[in-house]
Each structure stands twice: as structure tokens, then as C-alpha cells.
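Notes for the one structure printed next.
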Amino acid sequence: MKQNLIPEQRVLSEVTKAISEGIDINPVRVKPESSLIKDLGAESLDFLDINYRLEQTFGIKMARRSVLDHMEELFGEESAIDSDGKLTDKAAKVLALRYDGSGEQIQAGMDMDELPAMVTVSSITEGVMNLLDSLAEKCVNCGAQNWSLKDETRINCASCGEEATFTSGDDLIQIWLNQIQEDKKIF
Amino acid sequence: MLRNRKRVVVTGYGMITPIGKNSQETFENAKNGVSGIDLLSSFETQGLPCRIGGQVDDSWLNAFPAQGLQGIEKCNSRGLKLMISAVSEAVESARLNSIENRDRIGVSLGYHGENPSVEDMLTLYRYGGKDVWDIRGLTANGVYSFFNFFRRKPDVATSILSILFNCRGSNITTVSACAAGAQAIGEALGIIREGRADVMIAGGCESNLNFSGFIGFVLIRALSERYSSPEKASRPFDRKRNGFVMSEGAGSLVLESLDHALERKAPILAEVLGYGSSADAFRITDIHPKGDGAVFAMQGALADAGLAPGDIDYINAHGTSTVQNDQIETLAIKRIWGERAKEISVSSNKSMIGHTIAAAGAIEAGLTIMGLNTSVLLPTINYEFADPKCDLDYVPNLAREQVHEIALSNSFGFGGQNACLCFGKFRQ
């Protein structure tokens, strides 16, 4: 269910903090449109570090695998990346739906090596928002529907104190992709 | 300079790998494209995103040759046990035992020591860690062996090898991830050239298929997590590669100055022509995007050997099956050989053996030499889908009979430590 305890602005500031601490740069450099790789110089270990920080902050589980990985698993090999290592038309359509308006234009035929550079501060923020919006209807412990905020970023049950549960990042991507496929019949 | 330098030859080799208890068995299986990768049974992997690896059959490990030697056996980590098997084979083939004066025989080992076991850590925690240490309880008979401490220290393994094989010369340990085995051989080459030893037992060993050794590689997502079956997971240079497969093993060479080898009529199996070593000086796990470190290491080995790129017939690639390594290693080869890169055969033993980390460079050195002597290029198995960025001749799937004279063997470590060895058929 859509949560309304943590506003997007708050998520953005936590993402900014995780990135600036993860990469060890001044937070003023971290703009919503900044590409982590191109603008902020992130390396592969930084992404793991940033994900870990966000998981600790919000009690969520970030996706281990990319949207393209999931696409290939659900819709067949080479459905996302063709045999030349280029983004397929269908995958470009899906990504455009997912990252609508954020960062650079995603185009079919892009080299898969260019894709990691398209991860921006706002695309991560959007990802975290989606995870938070997968908040379970009811507390798994006491069944109450009475969520409250603790320590500003952790949602827990106001009735019993149990931590809130969210869908994992990987599951959420698969659910989303299946929904898109049902609506748009892209694959 | 080359003319005045001591020539160094290989007079013995030995190995133990997931596909063979010795060199011959490993080479034959590699030639037939046999994979040593399977579901892991060495520890519980349920729930992990990668559950496969290359284990060495326990029954292949040699009986410890120093039973009864006070304490030594207790320092014996699994990695060292593997190494003892490999060194025993190498020493026997080099007929090293016939040398009476042991003062100028050294040991150069690439190893990281044994990872602490869960039981080990739990015991320490029980007697300390959470509160005031109970040192009387901890040191009570049968509670905790201080030998566990020695098992974790890589230097102790090198020291034990010197005791077991009676080598009183230079004794050095190299700790440099996937480059360790090759660096141990390269540094041994330097020691002999400089006259600091006549003979060096050199190589590397690794046994990481356990709770604390494996999990770090899972966390940094270096391992293959998508595979149709275990034996298909290690697929260097293939477009569907998605990480390396962890294996255990050991490899050893006996290096010797040519004069010394000739004098004692030792079998001469190959010549070590050159060694290059470099650092990316870039990032912890990312490789330099243009492959600078790899290029410098290969150029270094060529320069050290006094050879031009055109003299090389075959490259035993690092070829880990990670997206990054195989693409950048290919790029680095193209930067040196240019248009001619496609004429050189390049293959990865890791497609069959998996990645034995500190042992890899030493095992691959042995297999490279065996290939030179039998005119066989070992294949890169699981090569099914061409990657447009990896467009060299990888000796796909089937071994090839081809006379070749001079080969390079690459080993590139996490952290950008790079080593390249150059071997040639022995010519008087």
C-alpha cells in the first residue's frame, strides 16, 4: 500500500546522504539529476555500499539484480540485450516507462556498457519510494493496520512495535514487469 | 643484458585441481573439456545466490608426509594440504631429493592462509569477546588449539613447506589475490637470476569453499549466479558469462638456473623467459577501463624476455568469466597486438577448473608448459554465444593440436595486481 509517512523530500535527502557518505564526497555535489558514475565518480563497490546504507536506513531490501536481468528471466534470453550487446526496442520501451522523465533519454541500440551511467540520484530515490510504497497492509505480528514512524525513517506498528515489511526489490521489479506486460503486451 | 643473464628453466611441476589429482590427470581432463564445477558439498549453501564451485576430492590429498613431527601437522590448513600434494609431485618430477646441499633451494608461495572457521570464532567468543577473558578456560586442555592461529597465517604455510621439503634458501610468501600464484613464480625467477638461490619451489594454493571464505565473494557479487547447470557456469568470453566460479586447488613449479639443472642432469621441461608485474592503481574491484595494468604486465613480460609481440603464439588468459575481466583482457590484448590479435590463440583454463584464486596462476603456468610440450592448445569450454566485445580466437570448446613455441600466462588480481609470465620450449 502507498505509504504517506515518509515524504519524497525526506527520501531524497537520505539518498543524498547515503551517496555522499558512500562515495565520500561533499553532499552539495549530489544533485537529483547527477549520474552516480559520470558526475560523482562512483565505482562498483560504491553501489553496494549505498544500497546497504539505504537498506539500513529504511528497513527495505534493495534489488540485487537489474531490471534488464529480470526482463531476460521473465521474457526470454535476448529480450533485453541483443546478441550485439545493445538494448532492444522492447527493453527501451520498458525502461522509458520506468524512468519516465529522469536523466537522459533511453534509446534502443544503446550499448549495455552505457546503461549503468544512467543511474541518477533521482532514479535511486524513485526506486526507494517504490519499495516503501510496497508496505504491507497489516502488521505481520498483530494484524493491526496502524503504521507509525520511528526515528524518522523506519515505519513500524504503532500497536505492537513490530518493524514494517516491504516487498523485496527483486520481487517488486518482477511484479512491475508482469503488470507492464499485461497492460501493454510489449513482449 | 639478456645474454649475460642467468637462464632459468622449469625442471618439475605438480598440481591438484577439481579435475585431477595431479598434472597429467588435470591436463587430460582439460584437453577433453571436462568441467570440475558442481554443487558445493563443503559447507551449507542453501539460500545463497551462488551454490556451486570446484572442489578437490578429499581422497586425492596426500597423506601428510610428516606425521608425528611435533605440532606441524596441526598447522596444516586445507590450502597447505593441497599445496603439499602439488609440491610433492613437482619435487618428484624434478628429482629434487637427490640434491644434498639444501642451502640454495628456496620456497616462494602465493597463499592467503585459512579462513577462520565458525567453530573457531565461537570458541574464542565464548571465552572472551563479550566480557572479561577467561584465559584459564580457553587454555584448558582440549578447548582451543593455538595451532588454529598458525593455520590462518600464510607465512606459516611457506615455512612448513621449507621444513617438509628441507629447503633452507630464500622463503617468501606472496599475498596478492588472483595474481599470487603467478607472482610467486615471477619473484622466484628474480631470486634465481640474481643468484640468491639455485632452485626455487614456487606456486600457489587456495581453499576458500567455506563459510567465511565464500561469503565475501557472494557479497561483492563476483560469482556467477545465473547458470543452467553448474558445469555451464564458468564461461569465459561468452556473452552470457555473469561472474566467476570459485574453486580450490594448488599448483607448483620447480624453477632452477639452467647451469644447475644441466649439471645435475635434471629434466628440463621449459624455460621461464620473462615476467611482468604491474598495478592498475585504480580501484579496489573495478579494472582500469582501458586495461592499462594488464597491458603493462604483458609488455613487461615481453620486454623482460627480450621478445616482440609477434613472437607469441598463445596466451593462457586470466579469463575469469566475469563481464569486466574478459572484455578488458581482450581489449588489452588488442592494444598490444593490434590487427594481429585475432591470429593469436587465447584460452581460459578457468572454463573447466573454475577460479582457484592464489593457485590459478601456478596451475595455469603448469598447464601452459604441458601444452607447449605436447603441441596442444587447451580449449575454452562453454563458449556458445559470441560477445561482440570479445572477438579473439578463444580456442572454443575443443582442444586444438598446434605446435607453438612461446606462450604468455596472465593473472590479474582484485585490486589491480597484475602478473604475466612468459614460457618457452627449452632450446639449448
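We name chains A, B, ... following the order of the C-alpha cells; residues begin at 1 in each chain, and ligands are numbered from 1 as shown.
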Closest pair table for chain A residues within 9 Å of chain B, only C-alpha atoms, as a tab-separated table:
residue	atom	partner	partner_atom	distance
A:Glu43	CA	B:Asp286	CA	6.9
A:Ser44	CA	B:Asp286	CA	6.6
A:Leu45	CA	B:Thr285	CA	7.1
A:Leu48	CA	B:Ile220	CA	7.4
A:Arg64	CA	B:Arg221	CA	8.8
A:Ser83	CA	B:Asp387	CA	7.1
A:Asp84	CA	B:Pro388	CA	5.6
A:Gly85	CA	B:Pro388	CA	7.1
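Between atom CA of B:Ile191 and atom CA of B:Ser108 the interatomic distance comes to 9.7 Å.
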- Message: Set the distance at 12 Å and use only C-alpha atoms: which residues neighbour B:Ala332 once local chain neighbours fewer than 5 positions away are removed? I'd like the list as a list in words.
- Response: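 Counting only C-alpha atoms, the residues come to Ile287, His288, Pro289, Lys290, Gly291, Asp292, Gly293, Ala294, Val295, Phe296, Ala297, Met298, Gln299, Ala317, His318, Asn325, Asp326, Gln327, Trp337, Gly338, Ala341, Lys389, Cys390, Leu392, Asn410 and Phe412 of chain B.
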Given the selection you just returned, output its residues as a file containing C-alpha atoms, formatted as a JSON list (two decimals), in the first residue's frame.
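Output below, filename again_36.json:
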[["chain", "number", "residue", "atom", "x", "y", "z"],
["B", 287, "ILE", "CA", 39.54, -2.92, -13.54],
["B", 288, "HIS", "CA", 41.13, 0.02, -15.30],
["B", 289, "PRO", "CA", 38.67, 0.64, -18.16],
["B", 290, "LYS", "CA", 41.39, 0.63, -20.83],
["B", 291, "GLY", "CA", 43.22, -2.29, -19.26],
["B", 292, "ASP", "CA", 46.36, -0.25, -18.55],
["B", 293, "GLY", "CA", 47.56, -2.59, -15.80],
["B", 294, "ALA", "CA", 47.08, -5.69, -17.95],
["B", 295, "VAL", "CA", 48.87, -4.03, -20.87],
["B", 296, "PHE", "CA", 51.84, -3.02, -18.67],
["B", 297, "ALA", "CA", 52.12, -6.54, -17.24],
["B", 298, "MET", "CA", 52.14, -8.21, -20.67],
["B", 299, "GLN", "CA", 54.52, -5.61, -22.11],
["B", 317, "ALA", "CA", 44.28, -15.88, -20.39],
["B", 318, "HIS", "CA", 43.22, -14.83, -16.93],
["B", 325, "ASN", "CA", 37.66, -9.05, -16.86],
["B", 326, "ASP", "CA", 37.10, -10.86, -20.13],
["B", 327, "GLN", "CA", 36.13, -7.73, -22.00],
["B", 337, "TRP", "CA", 48.84, -6.93, -30.82],
["B", 338, "GLY", "CA", 46.58, -4.62, -32.83],
["B", 341, "ALA", "CA", 45.42, -10.02, -32.08],
["B", 389, "LYS", "CA", 33.40, -7.09, -27.43],
["B", 390, "CYS", "CA", 35.28, -10.36, -27.06],
["B", 392, "LEU", "CA", 39.53, -13.11, -30.45],
["B", 410, "ASN", "CA", 48.10, -13.87, -17.47],
["B", 412, "PHE", "CA", 45.12, -10.28, -12.82]]
- List every residue of stretch 136-263 of chain B that DSSP, applied to the backbone, labels as strand (DSSP E), and write the result as a ChimeraX atom specification. /B:171-174,199-206,249-257
Keeping C-alpha atoms, export the residues of the selection given above as a short mmCIF file (atom, residue, chain, number, x, y, z; two decimals), in the first residue's frame.
data_model
loop_
_atom_site.label_atom_id
_atom_site.label_comp_id
_atom_site.auth_asym_id
_atom_site.auth_seq_id
_atom_site.Cartn_x
_atom_site.Cartn_y
_atom_site.Cartn_z
CA ASN B 171 61.50 -18.29 1.87
CA ILE B 172 58.88 -15.79 0.72
CA THR B 173 55.10 -15.53 0.75
CA THR B 174 53.07 -13.52 -1.75
CA VAL B 199 66.40 -23.77 -7.12
CA MET B 200 63.02 -22.38 -6.09
CA ILE B 201 59.85 -24.33 -5.41
CA ALA B 202 57.22 -21.79 -6.49
CA GLY B 203 53.46 -21.72 -6.82
CA GLY B 204 50.21 -21.08 -5.03
CA CYS B 205 47.30 -22.71 -3.25
CA GLU B 206 43.80 -21.75 -2.20
CA GLY B 249 43.47 -26.28 -5.74
CA ALA B 250 47.22 -25.87 -5.81
CA GLY B 251 49.95 -25.63 -8.41
CA SER B 252 53.71 -25.77 -8.13
CA LEU B 253 56.72 -25.40 -10.38
CA VAL B 254 60.35 -26.15 -9.66
CA LEU B 255 62.44 -23.34 -11.12
CA GLU B 256 66.16 -23.80 -11.47
CA SER B 257 69.10 -21.98 -13.01
#
- Query: Between A:Thr125, A:Lys90, A:Leu97, A:Ile25, which one has atoms that come closest to A:Asp39, using only C-alpha atoms?
  - Reply: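 Checking each of A:Thr125, A:Lys90, A:Leu97, A:Ile25 against A:Asp39, counting only C-alpha atoms, the winner is A:Ile25.
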- Item | Per-residue DSSP, stretch 69-147 of chain A, filtered to helix (DSSP H, G or I), as a PyMOL selection string | chain A and resi 69-75+89-98+112-114+116-118+121-132
- Message: Can you pull out the residues contacting B:Arg340? Cut-off 10 Å, using only C-alpha atoms, and skip same-chain residues under 6 positions away; I want them as a PyMOL selection string.
- Response: chain B and resi 309-310+333-334+392
For the residues selected in the previous step, produce a file with C-alpha atoms as a PDB file, in the first residue's frame.
ATOM      1  CA  PRO B 309      54.547  -9.303 -29.549  1.00  0.00           C
ATOM      2  CA  GLY B 310      54.887 -11.183 -32.843  1.00  0.00           C
ATOM      3  CA  ILE B 333      45.495  -7.921 -25.888  1.00  0.00           C
ATOM      4  CA  LYS B 334      44.214  -5.865 -28.829  1.00  0.00           C
ATOM      5  CA  LEU B 392      39.528 -13.111 -30.450  1.00  0.00           C
TER       6      LEU B 392
END
- Message: Counting only C-alpha atoms, which residue out of B:Cys167, B:Val175, B:Ala359, B:Ala266 sits closest to B:Leu82?
- Response: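 For B:Leu82, the nearest of the candidates is B:Ala359.
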- Message: So that I can see what lies close to A:Asp133, please list as a list in words the residues with an atom at most 7 Å from it, counting only C-alpha atoms and leaving out residues fewer than 2 positions away in the same chain.
- Response: Met1, Lys2, Gln3, Met129, Asn130, Leu131 and Leu135 of chain A
- Residues at most 12 Å from B:Arg264, counting only C-alpha atoms, excluding those fewer than 5 positions away in the same chain, as a ChimeraX atom specification? /B:11,94-100,198-199,256-259
- Item | Distance query A:Val121 at most 8 Å, only C-alpha atoms, self and fewer than 5 positions along chain excluded, as a PyMOL selection string | chain A and resi 12+15-16+30-36
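The closest residue to B:Glu225, picked from B:Asn242, B:Ser85, B:Asn397, B:Gln183 and counting only C-alpha atoms, is B:Asn242.
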- Which one is closest to A:Glu162: A:Lys93, A:Lys138, A:Arg53, A:Lys185? Count only C-alpha atoms. A:Lys138
- Item | Separation of atom CA of A:Ala164 from atom CA of A:Ser123, in Å and rounded to one decimal |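 One can read the atom CA of A:Ala164 to atom CA of A:Ser123 distance as 23.4 Å.
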